[in-house]
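Colleague: Right, I'll just put the structure down here and ask away after.
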Amino acid sequence: TAADKGGFKHYMLKEIYEQPAVTLAAFEGRINDGLVDESVFGEQATAIFDQVKQIQIIACGTSYHAGMIAKYWMESLAGIPCHVEVASEYRYRSVVIQEGTLFVSISQSGETADTLAALRDVQDQILASLTICNVPGSSLVRESDLNLMTKAGPEIGVASTKAFTTQLVALLLTTIVLGRRFKLTEDKEREIVLALAELPSLIERSIAMDGAIESMSQSFAEKHHSLFLGRGTLYPVAMEGALKLKEISYIHAEAYPAGELKHGPLALVDKDMPVVAVAPQNDMLDKLKANLQEVSARGGELFIFAGSTQDVQPGEGIHVLGMPSMPQILEPIVYTIPLQLLSYHVAVLKGTDVDQPRNLAKSVTVE
Ligand code: AGP
């Protein structure tokens, strides 16, 4: 009913707008004196974390994209070797599990058949299991040694939105508690915790771009294909943006790490192929700009979410939306918001069933 949707036209839009509140819920109460309280992971957390030598992350779909971002964090911030793989591949190949592996499953529902099966298959070969999950009492939570609930609240839209951003907050907390045992210093931890406090208002400010993104969406409604580009932690964000567009607007969208463009997909670029880029003000910006020039030179229409409108200039066929400036660690979380809004508005223009896209189920409990 309209009441359940809190006055919003769709659950998806309601859930996008809930993100300032739920990302706060995902870290609030888990910080003590500026440091993350690791007891929230479970009674055995400290004993288990002390023995971890590497991480294996397993998930599907949007949750897998969260895992990809966590891999960047685990290796660059924490210095912990980290692998990430989709559950439906991992469980069907013969894997080599190294000693001291913490198996981390990420799942909104906690009931995804492949993710659950992957955990069950390796139970006796791993150090321990941790699930990052949104549904208390779900199968993954019951069967894992440790858990960190994402606290997004019920997610009804099939296209995952708030589940993803809260997973990222939970994964950042996880990176911190493990990183303490590796290369993460207490100063760095305090810096990340301070940055997290800015997250809800940064998401709020991104949501305030809704009107501008709605106008932008008109350029997509008639298109059949699109490319999403990003580098570093923004590459999985591009993948997540492409998945959202595919799921609810049925427009073919493919994500590429921008540096791979010239190794093939550049051949596809023409005026009928919109290219969306997430371009924060980070150390990869110059490289990304060079990649984007290659797109423009071939007549491709660019839609850039940029950290600095000074560095990335709008022009003929180049649309630029300026994002607020933010701590680098928050970029993958905050840049997700405009991509969610973009696919939402494209889907509304196309008149698809936004909350219940064709052929898809909210929770994939079959293999
Ligand atoms: C995302 O929009 C999807 N509908 C889908 O990819 C989903 O993320 C995937 O099925 C995993 O679900 P889970 O997080 O509940 O395990």
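We name chains A, B, ... following the order of the structure tokens; residues begin at 1 in each chain, and ligands are numbered from 1 as shown.
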Kindly provide, as an mmCIF file with N, CA and C atoms, in the first residue's frame, all nucleotide and amino acid residues lying within 8 Å of ligand 1, counting only C-alpha atoms and all ligand atoms.

Modeller:
```
data_model
loop_
_atom_site.group_PDB
_atom_site.id
_atom_site.type_symbol
_atom_site.label_atom_id
_atom_site.label_comp_id
_atom_site.auth_asym_id
_atom_site.auth_seq_id
_atom_site.Cartn_x
_atom_site.Cartn_y
_atom_site.Cartn_z
ATOM 1 N N ALA A 59 29.881 -14.182 -2.114
ATOM 2 C CA ALA A 59 28.573 -13.518 -2.175
ATOM 3 C C ALA A 59 28.046 -13.608 -3.603
ATOM 4 N N CYS A 60 26.843 -13.098 -3.827
ATOM 5 C CA CYS A 60 26.250 -13.045 -5.172
ATOM 6 C C CYS A 60 25.722 -11.633 -5.437
ATOM 7 N N GLY A 61 25.674 -11.283 -6.717
ATOM 8 C CA GLY A 61 24.998 -10.051 -7.150
ATOM 9 C C GLY A 61 25.554 -8.805 -6.478
ATOM 10 N N THR A 62 24.647 -8.002 -5.972
ATOM 11 C CA THR A 62 25.026 -6.754 -5.309
ATOM 12 C C THR A 62 25.952 -7.014 -4.121
ATOM 13 N N SER A 63 25.679 -8.060 -3.379
ATOM 14 C CA SER A 63 26.507 -8.375 -2.210
ATOM 15 C C SER A 63 27.937 -8.708 -2.647
ATOM 16 N N TYR A 64 28.069 -9.305 -3.825
ATOM 17 C CA TYR A 64 29.405 -9.578 -4.378
ATOM 18 C C TYR A 64 30.138 -8.263 -4.683
ATOM 19 N N ILE A 106 28.605 -12.525 2.474
ATOM 20 C CA ILE A 106 27.858 -11.266 2.490
ATOM 21 C C ILE A 106 26.518 -11.550 1.832
ATOM 22 N N SER A 107 25.438 -11.219 2.519
ATOM 23 C CA SER A 107 24.111 -11.497 1.954
ATOM 24 C C SER A 107 23.057 -10.631 2.621
ATOM 25 N N GLN A 108 22.226 -10.004 1.820
ATOM 26 C CA GLN A 108 21.102 -9.257 2.387
ATOM 27 C C GLN A 108 20.186 -10.229 3.110
ATOM 28 N N SER A 109 19.746 -11.261 2.386
ATOM 29 C CA SER A 109 18.702 -12.163 2.893
ATOM 30 C C SER A 109 19.208 -13.206 3.879
ATOM 31 N N GLY A 110 20.452 -13.628 3.702
ATOM 32 C CA GLY A 110 20.960 -14.737 4.510
ATOM 33 C C GLY A 110 20.438 -16.085 4.055
ATOM 34 N N GLU A 111 19.744 -16.094 2.911
ATOM 35 C CA GLU A 111 19.138 -17.349 2.437
ATOM 36 C C GLU A 111 19.546 -17.703 1.015
ATOM 37 N N THR A 112 20.460 -16.969 0.418
ATOM 38 C CA THR A 112 20.861 -17.239 -0.965
ATOM 39 C C THR A 112 21.502 -18.630 -1.049
ATOM 40 N N THR A 115 25.339 -19.132 -1.792
ATOM 41 C CA THR A 115 26.205 -18.590 -0.738
ATOM 42 C C THR A 115 26.206 -19.531 0.468
ATOM 43 N N CYS A 133 25.205 -9.668 7.251
ATOM 44 C CA CYS A 133 23.853 -10.042 6.824
ATOM 45 C C CYS A 133 22.814 -9.054 7.341
ATOM 46 N N VAL A 158 13.227 -5.479 -5.227
ATOM 47 C CA VAL A 158 14.121 -6.558 -5.655
ATOM 48 C C VAL A 158 15.522 -5.995 -5.929
ATOM 49 N N ALA A 159 15.571 -4.785 -6.457
ATOM 50 C CA ALA A 159 16.866 -4.155 -6.703
ATOM 51 C C ALA A 159 17.417 -3.643 -5.370
ATOM 52 N N SER A 160 18.532 -4.196 -4.986
ATOM 53 C CA SER A 160 19.104 -3.900 -3.679
ATOM 54 C C SER A 160 19.726 -2.500 -3.648
ATOM 55 N N THR A 161 19.418 -1.725 -2.630
ATOM 56 C CA THR A 161 19.968 -0.371 -2.515
ATOM 57 C C THR A 161 20.564 -0.158 -1.115
ATOM 58 N N ALA A 163 20.607 -2.147 1.306
ATOM 59 C CA ALA A 163 21.347 -3.315 1.808
ATOM 60 C C ALA A 163 22.819 -3.177 1.443
ATOM 61 N N LEU A 243 24.488 -3.042 -12.866
ATOM 62 C CA LEU A 243 23.538 -4.098 -12.469
ATOM 63 C C LEU A 243 22.162 -3.487 -12.186
ATOM 64 N N LYS A 244 22.139 -2.351 -11.478
ATOM 65 C CA LYS A 244 20.859 -1.694 -11.180
ATOM 66 C C LYS A 244 20.124 -1.338 -12.468
ATOM 67 N N GLU A 247 18.743 -4.481 -14.188
ATOM 68 C CA GLU A 247 17.656 -5.125 -13.456
ATOM 69 C C GLU A 247 16.321 -4.426 -13.631
ATOM 70 N N LEU A 360 12.947 -11.869 -12.023
ATOM 71 C CA LEU A 360 13.831 -11.876 -10.849
ATOM 72 C C LEU A 360 13.067 -12.139 -9.548
ATOM 73 N N ALA A 361 13.761 -12.746 -8.595
ATOM 74 C CA ALA A 361 13.194 -12.952 -7.258
ATOM 75 C C ALA A 361 14.050 -12.185 -6.258
ATOM 76 N N LYS A 362 13.448 -11.740 -5.175
ATOM 77 C CA LYS A 362 14.199 -10.987 -4.162
ATOM 78 C C LYS A 362 15.311 -11.845 -3.575
ATOM 79 N N SER A 363 14.972 -13.062 -3.265
ATOM 80 C CA SER A 363 15.979 -13.927 -2.655
ATOM 81 C C SER A 363 16.056 -15.208 -3.484
ATOM 82 N N VAL A 364 17.264 -15.521 -3.950
ATOM 83 C CA VAL A 364 17.427 -16.663 -4.864
ATOM 84 C C VAL A 364 17.745 -17.908 -4.047
#
```

Colleague: Please provide as a PyMOL selection string all residues within 7 Å of stretch 266-272 of chain A, with the sequence filter that same-chain residues fewer than 5 positions apart are discarded (counting only C-alpha atoms).

Modeller: chain A and resi 223+261+295+298-301

Colleague: What does the file look like for those residues with C-alpha atoms, as a tab-separated table (two decimals), in the first residue's frame?

Modeller:
```tsv
chain	number	residue	atom	x	y	z
A	223	LYS	CA	18.98	3.88	-25.40
A	261	LEU	CA	38.51	0.53	-22.21
A	295	VAL	CA	35.21	8.25	-25.19
A	298	ARG	CA	34.69	8.89	-30.51
A	299	GLY	CA	31.40	10.78	-30.20
A	300	GLY	CA	30.28	9.01	-27.02
A	301	GLU	CA	27.98	10.96	-24.71
```

Colleague: Tell me which protein, DNA and RNA residues are within 12 Å of A:Lys287, counting only C-alpha atoms, leaving out same-chain ones fewer than 4 positions away, and put them as a list in words.

Modeller: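 In the requested format, the answer is Gly230, Arg231, Gly232, Pro257, Ala258, Gly259, Glu260, Leu261, Ala279, Pro280, Gln281, Asn282, Asp283, Asn291, Leu292, Gln293 and Glu294 of chain A.
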
Colleague: Write the residues of the selection above to a file with C-alpha atoms, as a PDB file, in the first residue's frame.

Modeller:
```
ATOM      1  CA  GLY A 230      35.301   3.573 -12.647  1.00  0.00           C
ATOM      2  CA  ARG A 231      38.740   2.853 -11.265  1.00  0.00           C
ATOM      3  CA  GLY A 232      39.888   1.432  -7.932  1.00  0.00           C
ATOM      4  CA  PRO A 257      37.520  -0.695 -15.072  1.00  0.00           C
ATOM      5  CA  ALA A 258      38.260   2.455 -17.084  1.00  0.00           C
ATOM      6  CA  GLY A 259      41.811   1.373 -17.859  1.00  0.00           C
ATOM      7  CA  GLU A 260      40.487  -1.639 -19.792  1.00  0.00           C
ATOM      8  CA  LEU A 261      38.507   0.532 -22.212  1.00  0.00           C
ATOM      9  CA  ALA A 279      35.157  10.207 -11.059  1.00  0.00           C
ATOM     10  CA  PRO A 280      35.959  11.317  -7.534  1.00  0.00           C
ATOM     11  CA  GLN A 281      38.820  13.598  -6.717  1.00  0.00           C
ATOM     12  CA  ASN A 282      41.242  10.781  -5.982  1.00  0.00           C
ATOM     13  CA  ASP A 283      44.703   9.905  -7.180  1.00  0.00           C
ATOM     14  CA  ASN A 291      40.112   7.360 -20.482  1.00  0.00           C
ATOM     15  CA  LEU A 292      37.104   9.689 -20.733  1.00  0.00           C
ATOM     16  CA  GLN A 293      38.771  11.777 -23.450  1.00  0.00           C
ATOM     17  CA  GLU A 294      39.003   8.608 -25.516  1.00  0.00           C
TER      18      GLU A 294
END
```

Colleague: Got a sec: who's within 10 Å of A:Thr309, counting only C-alpha atoms, leaving out chain neighbours fewer than 5 positions off, as a list in words?

Modeller: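 Close residues of A:Thr309: Gln281, Ile304, Pro314, Val320, Leu321, Gly322 and Met323 of chain A.
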
Colleague: For A:Ile248, list every protein, DNA or RNA residue within 9 Å, evaluated using only C-alpha atoms, and leave out those in the same chain fewer than 3 positions away; present the list as a short mmCIF file (atom, residue, chain, number, x, y, z; two decimals) with N, CA and C atoms, in the first residue's frame.

Modeller:
```cif
data_model
loop_
_atom_site.label_atom_id
_atom_site.label_comp_id
_atom_site.auth_asym_id
_atom_site.auth_seq_id
_atom_site.Cartn_x
_atom_site.Cartn_y
_atom_site.Cartn_z
N VAL A 158 13.23 -5.48 -5.23
CA VAL A 158 14.12 -6.56 -5.65
C VAL A 158 15.52 -5.99 -5.93
N ALA A 159 15.57 -4.79 -6.46
CA ALA A 159 16.87 -4.15 -6.70
C ALA A 159 17.42 -3.64 -5.37
N LEU A 243 24.49 -3.04 -12.87
CA LEU A 243 23.54 -4.10 -12.47
C LEU A 243 22.16 -3.49 -12.19
N LYS A 244 22.14 -2.35 -11.48
CA LYS A 244 20.86 -1.69 -11.18
C LYS A 244 20.12 -1.34 -12.47
N LEU A 245 20.86 -0.74 -13.42
CA LEU A 245 20.20 -0.32 -14.66
C LEU A 245 19.64 -1.52 -15.41
N ILE A 251 17.82 -2.04 -19.79
CA ILE A 251 18.81 -1.52 -20.75
C ILE A 251 20.12 -2.26 -20.49
N SER A 343 19.24 4.81 -12.26
CA SER A 343 18.50 3.65 -12.79
C SER A 343 17.04 3.73 -12.39
N TYR A 344 16.77 4.21 -11.18
CA TYR A 344 15.37 4.34 -10.76
C TYR A 344 14.59 5.22 -11.74
N VAL A 346 15.31 6.15 -14.83
CA VAL A 346 15.23 5.58 -16.19
C VAL A 346 14.12 4.53 -16.22
N ALA A 347 14.05 3.71 -15.18
CA ALA A 347 13.02 2.66 -15.13
C ALA A 347 11.62 3.27 -15.07
N VAL A 348 11.47 4.32 -14.27
CA VAL A 348 10.16 4.97 -14.17
C VAL A 348 9.75 5.53 -15.54
N THR A 352 8.62 0.41 -16.37
CA THR A 352 8.78 -0.99 -15.94
C THR A 352 8.26 -1.14 -14.51
N ASP A 353 8.18 -2.39 -14.06
CA ASP A 353 7.75 -2.67 -12.70
C ASP A 353 8.98 -2.56 -11.80
N VAL A 354 9.21 -1.36 -11.28
CA VAL A 354 10.46 -1.06 -10.58
C VAL A 354 10.74 -2.00 -9.40
N ASP A 355 9.73 -2.24 -8.58
CA ASP A 355 9.97 -3.04 -7.37
C ASP A 355 10.00 -4.54 -7.64
N GLN A 356 9.39 -4.95 -8.74
CA GLN A 356 9.30 -6.38 -9.06
C GLN A 356 9.72 -6.61 -10.50
N PRO A 357 11.00 -6.38 -10.84
CA PRO A 357 11.39 -6.53 -12.23
C PRO A 357 11.14 -7.96 -12.75
N ARG A 358 10.90 -8.03 -14.05
CA ARG A 358 10.57 -9.33 -14.66
C ARG A 358 11.69 -10.35 -14.41
#
```

Colleague: For each of A:Asn32, A:Ser219, A:Gln19, A:Ser129, take the minimum atom-to-atom distance to A:Ile58, counting only C-alpha atoms, then give the residue where this is smallest.

Modeller: A:Ser129

Colleague: Calculated over only C-alpha atoms, which of the candidates A:Asp114, A:Pro154, A:Gly29, A:Gln218 has the smallest distance to A:Asp4?

Modeller: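 Under the stated criterion, the closest residue is A:Pro154.
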
Colleague: Apply DSSP to the structure's backbone, then extract all residues of stretch 145-347 of chain A labelled alpha helix (DSSP H) and return them as JSON, numbers by chain.

Modeller: {"A": [162, 163, 164, 165, 166, 167, 168, 169, 170, 171, 172, 173, 174, 175, 176, 177, 178, 179, 186, 187, 188, 189, 190, 191, 192, 193, 194, 195, 196, 197, 199, 200, 201, 202, 203, 204, 205, 206, 207, 210, 211, 212, 213, 214, 215, 216, 217, 234, 235, 236, 237, 238, 239, 240, 241, 242, 243, 244, 245, 246, 247, 248, 249, 285, 286, 287, 288, 289, 290, 291, 292, 293, 294, 295, 296, 297, 331, 332, 333, 334, 336, 337, 338, 339, 340, 341, 342, 343, 344, 345, 346, 347]}

Colleague: Among stretch 63-146 of chain A, which residues carry a DSSP assignment of strand (DSSP E), reported as a PyMOL selection string?

Modeller: chain A and resi 82-86+101-107+128-133+146

Colleague: How would the residues just chosen look if you wrote them out with C-alpha atoms as a short mmCIF file (atom, residue, chain, number, x, y, z; two decimals), in the first residue's frame?

Modeller:
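And here is the file that came out, result.cif:
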```cif
data_model
loop_
_atom_site.label_atom_id
_atom_site.label_comp_id
_atom_site.auth_asym_id
_atom_site.auth_seq_id
_atom_site.Cartn_x
_atom_site.Cartn_y
_atom_site.Cartn_z
CA CYS A 82 41.79 -11.11 0.59
CA HIS A 83 40.07 -13.08 -2.15
CA VAL A 84 36.53 -12.51 -3.36
CA GLU A 85 34.45 -14.73 -5.61
CA VAL A 86 30.84 -15.28 -6.59
CA THR A 101 41.25 -18.39 6.41
CA LEU A 102 38.30 -16.40 7.71
CA PHE A 103 35.36 -17.18 5.42
CA VAL A 104 33.20 -14.08 5.05
CA SER A 105 29.77 -14.39 3.45
CA ILE A 106 27.86 -11.27 2.49
CA SER A 107 24.11 -11.50 1.95
CA ALA A 128 35.99 -19.68 11.12
CA SER A 129 33.04 -18.05 9.37
CA LEU A 130 31.64 -14.56 9.56
CA THR A 131 28.49 -13.36 7.83
CA ILE A 132 27.62 -9.77 7.01
CA CYS A 133 23.85 -10.04 6.82
CA LEU A 146 30.41 -14.69 13.88
#
```

Colleague: Go through A:Leu184, A:Ile333, A:Ala290, A:Val278 and flag the residue nearest A:Ser308, using only C-alpha atoms for the distances.

Modeller: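 Ranked by minimum distance to A:Ser308, first place goes to A:Val278.
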
Colleague: Each residue of stretch 139-230 of chain A with at least one atom at most 10 Å from stretch 41-53 of chain A should appear once, together with its nearest atom pair and the corresponding distance in Å (one decimal); atoms considered: only C-alpha atoms; ordering: chain, then increasing residue number; output as JSON lines.

Modeller:
```
{"residue": "A:Asp145", "atom": "CA", "partner": "A:Gln44", "partner_atom": "CA", "distance": 7.8}
{"residue": "A:Leu146", "atom": "CA", "partner": "A:Gly42", "partner_atom": "CA", "distance": 5.3}
{"residue": "A:Asn147", "atom": "CA", "partner": "A:Phe41", "partner_atom": "CA", "distance": 5.3}
{"residue": "A:Leu148", "atom": "CA", "partner": "A:Phe41", "partner_atom": "CA", "distance": 5.3}
{"residue": "A:Met149", "atom": "CA", "partner": "A:Phe41", "partner_atom": "CA", "distance": 8.6}
{"residue": "A:Leu173", "atom": "CA", "partner": "A:Phe41", "partner_atom": "CA", "distance": 9.9}
{"residue": "A:Thr174", "atom": "CA", "partner": "A:Phe41", "partner_atom": "CA", "distance": 8.8}
{"residue": "A:Val177", "atom": "CA", "partner": "A:Phe49", "partner_atom": "CA", "distance": 7.9}
{"residue": "A:Leu178", "atom": "CA", "partner": "A:Phe49", "partner_atom": "CA", "distance": 6.4}
{"residue": "A:Gly179", "atom": "CA", "partner": "A:Phe49", "partner_atom": "CA", "distance": 9.7}
{"residue": "A:Arg180", "atom": "CA", "partner": "A:Phe49", "partner_atom": "CA", "distance": 9.7}
{"residue": "A:Arg181", "atom": "CA", "partner": "A:Asp50", "partner_atom": "CA", "distance": 7.0}
{"residue": "A:Phe182", "atom": "CA", "partner": "A:Lys53", "partner_atom": "CA", "distance": 9.3}
```

Colleague: Closest to A:Phe228 among A:Ala297, A:Val193, A:Ala255, A:Leu77, using only C-alpha atoms?

Modeller: A:Ala255

Colleague: Do you have the atom CA of A:His224-atom CA of A:Leu349 distance handy?

Modeller: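 Separation between atom CA of A:His224 and atom CA of A:Leu349: 13.9 Å.
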
Colleague: So how many Å separate atom CA of A:Ala78 and atom CA of A:Lys183, to one decimal?

Modeller: 5.3 Å

Colleague: In Å, how far is it from atom CA of A:Val276 to atom CA of A:Leu227?

Modeller: 6.1 Å
